[in-house]
Amino acid sequence: MLGISSLARVASLPGVPTLAEAGFREFEERSWVGFFAPAKTPADIVERLNREIDQVVAAPDIRERFASLGMDPQPGTAAQFADYVRAEVAKWAAVVKSTGIAQVQ
């Protein structure tokens with residue numbers, strides 16, 4: 001394997017460098033999964049769901065299962081996740097615009 005496309009090495013492949021380590025300093029692409037609630041869900045409900053999900057992914061057996069799949073859960077606040085999603089949308093919108101990628105029908 002030449003490299004991992006995330007900015008940090010993957011625990012299940014500790015000997016595989018990141019592409020940033022290989023000289024592609026600003027390259028990062030990774031798959032991610034997140035939980036979304038319907039618009040206008042009350043903040044207290046979102047916070048409770050977030051706490052419960054964070055608790056689940058922090059459990060040792062769950063972390064071990066994720067690691068076996070090459071996944072590294074990143075618990076955090078709903079606001080942090082919203083910021084991440086906004087940044088991802090902006091990043092990929094810029095890629096689409098700069099490359100002229102068009103929707104194929």
# chains A, B, ... in the order shown; residues from 1 in each chain; ligands from 1
>>> residues_around(residues="Ser31 (chain A)", least_positions_apart="3", cutoff="12 Å", atoms="only C-alpha atoms", output="count of residues only")
10
>>> residues_around(residues="region 42-58 of chain A", least_positions_apart="5", cutoff="12 Å", atoms="only C-alpha atoms", output="list of chain:residue names")
A:Gly34, A:Phe35, A:Phe36, A:Ala37, A:Arg63, A:Glu64, A:Arg65, A:Phe66, A:Ala67, A:Met71, A:Asp72, A:Pro73, A:Gln74, A:Pro75, A:Gly76, A:Thr77, A:Ala78, A:Ala79, A:Gln80, A:Phe81, A:Ala82
>>> residues_around(residues="Leu19 (chain A)", least_positions_apart="2", cutoff="9 Å", atoms="only C-alpha atoms", output="list in words")
Leu2, Gly3, Ile4, Ser5, Ser6, Leu7, Pro17, Glu21, Ala22, Gly23, Phe24, Arg25, Glu26, Phe27 and Glu28 of chain A
>>> write_last_selection(atoms="C-alpha atoms", output="CSV table (one decimal), in the first residue's frame")
chain,number,residue,atom,x,y,z
A,2,LEU,CA,1.4,3.4,-1.0
A,3,GLY,CA,-0.4,5.5,1.6
A,4,ILE,CA,-3.5,6.4,3.6
A,5,SER,CA,-5.5,9.3,2.3
A,6,SER,CA,-6.5,10.6,5.7
A,7,LEU,CA,-4.2,13.1,7.6
A,17,PRO,CA,2.3,6.3,5.8
A,21,GLU,CA,3.9,12.1,4.8
A,22,ALA,CA,4.7,10.9,1.3
A,23,GLY,CA,4.9,14.6,0.1
A,24,PHE,CA,1.3,15.4,-0.8
A,25,ARG,CA,1.0,17.8,2.1
A,26,GLU,CA,-2.5,19.1,1.5
A,27,PHE,CA,-4.1,15.9,0.3
A,28,GLU,CA,-6.9,14.5,2.4
>>> atom_distance(atom1="CA of Thr18 (chain A)", atom2="CA of Arg30 (chain A)")
11.6 Å
>>> atom_distance(atom1="CA of Ser98 (chain A)", atom2="CA of Arg86 (chain A)")
18.2 Å
>>> decode(residues="region 49-98 of chain A", atoms="C-alpha atoms", output="short mmCIF file (atom, residue, chain, number, x, y, z; two decimals), in the first residue's frame")
data_model
loop_
_atom_site.label_atom_id
_atom_site.label_comp_id
_atom_site.auth_asym_id
_atom_site.auth_seq_id
_atom_site.Cartn_x
_atom_site.Cartn_y
_atom_site.Cartn_z
CA LEU A 49 -28.81 11.98 20.84
CA ASN A 50 -25.24 13.21 20.47
CA ARG A 51 -24.34 12.20 24.05
CA GLU A 52 -25.88 8.75 23.61
CA ILE A 53 -24.14 8.12 20.27
CA ASP A 54 -20.81 9.33 21.69
CA GLN A 55 -21.24 6.92 24.60
CA VAL A 56 -21.88 4.01 22.27
CA VAL A 57 -18.87 4.69 20.03
CA ALA A 58 -16.64 5.11 23.10
CA ALA A 59 -17.41 1.59 24.32
CA PRO A 60 -14.30 -0.60 24.01
CA ASP A 61 -16.05 -3.38 22.08
CA ILE A 62 -17.53 -0.90 19.62
CA ARG A 63 -14.17 0.88 19.14
CA GLU A 64 -12.54 -2.51 18.57
CA ARG A 65 -15.15 -3.41 15.96
CA PHE A 66 -14.70 -0.08 14.18
CA ALA A 67 -10.91 -0.53 14.25
CA SER A 68 -11.25 -3.97 12.67
CA LEU A 69 -13.06 -2.25 9.80
CA GLY A 70 -10.37 0.43 9.49
CA MET A 71 -12.63 3.06 11.02
CA ASP A 72 -11.79 5.57 13.74
CA PRO A 73 -14.85 7.15 15.39
CA GLN A 74 -14.53 10.87 16.10
CA PRO A 75 -17.02 11.72 18.83
CA GLY A 76 -17.71 15.40 19.39
CA THR A 77 -20.44 17.97 19.64
CA ALA A 78 -23.24 18.52 17.15
CA ALA A 79 -21.74 21.95 16.43
CA GLN A 80 -18.34 20.43 15.62
CA PHE A 81 -19.97 17.98 13.24
CA ALA A 82 -21.99 20.76 11.58
CA ASP A 83 -18.75 22.71 11.08
CA TYR A 84 -17.10 19.62 9.58
CA VAL A 85 -19.99 19.03 7.17
CA ARG A 86 -19.95 22.68 6.07
CA ALA A 87 -16.19 22.47 5.45
CA GLU A 88 -16.58 19.24 3.45
CA VAL A 89 -19.34 20.74 1.30
CA ALA A 90 -17.21 23.83 0.62
CA LYS A 91 -14.11 21.75 -0.16
CA TRP A 92 -15.86 19.45 -2.61
CA ALA A 93 -17.86 22.28 -4.19
CA ALA A 94 -14.53 23.98 -4.96
CA VAL A 95 -13.18 20.75 -6.47
CA VAL A 96 -16.24 20.39 -8.66
CA LYS A 97 -16.04 24.02 -9.76
CA SER A 98 -12.30 24.03 -10.43
#
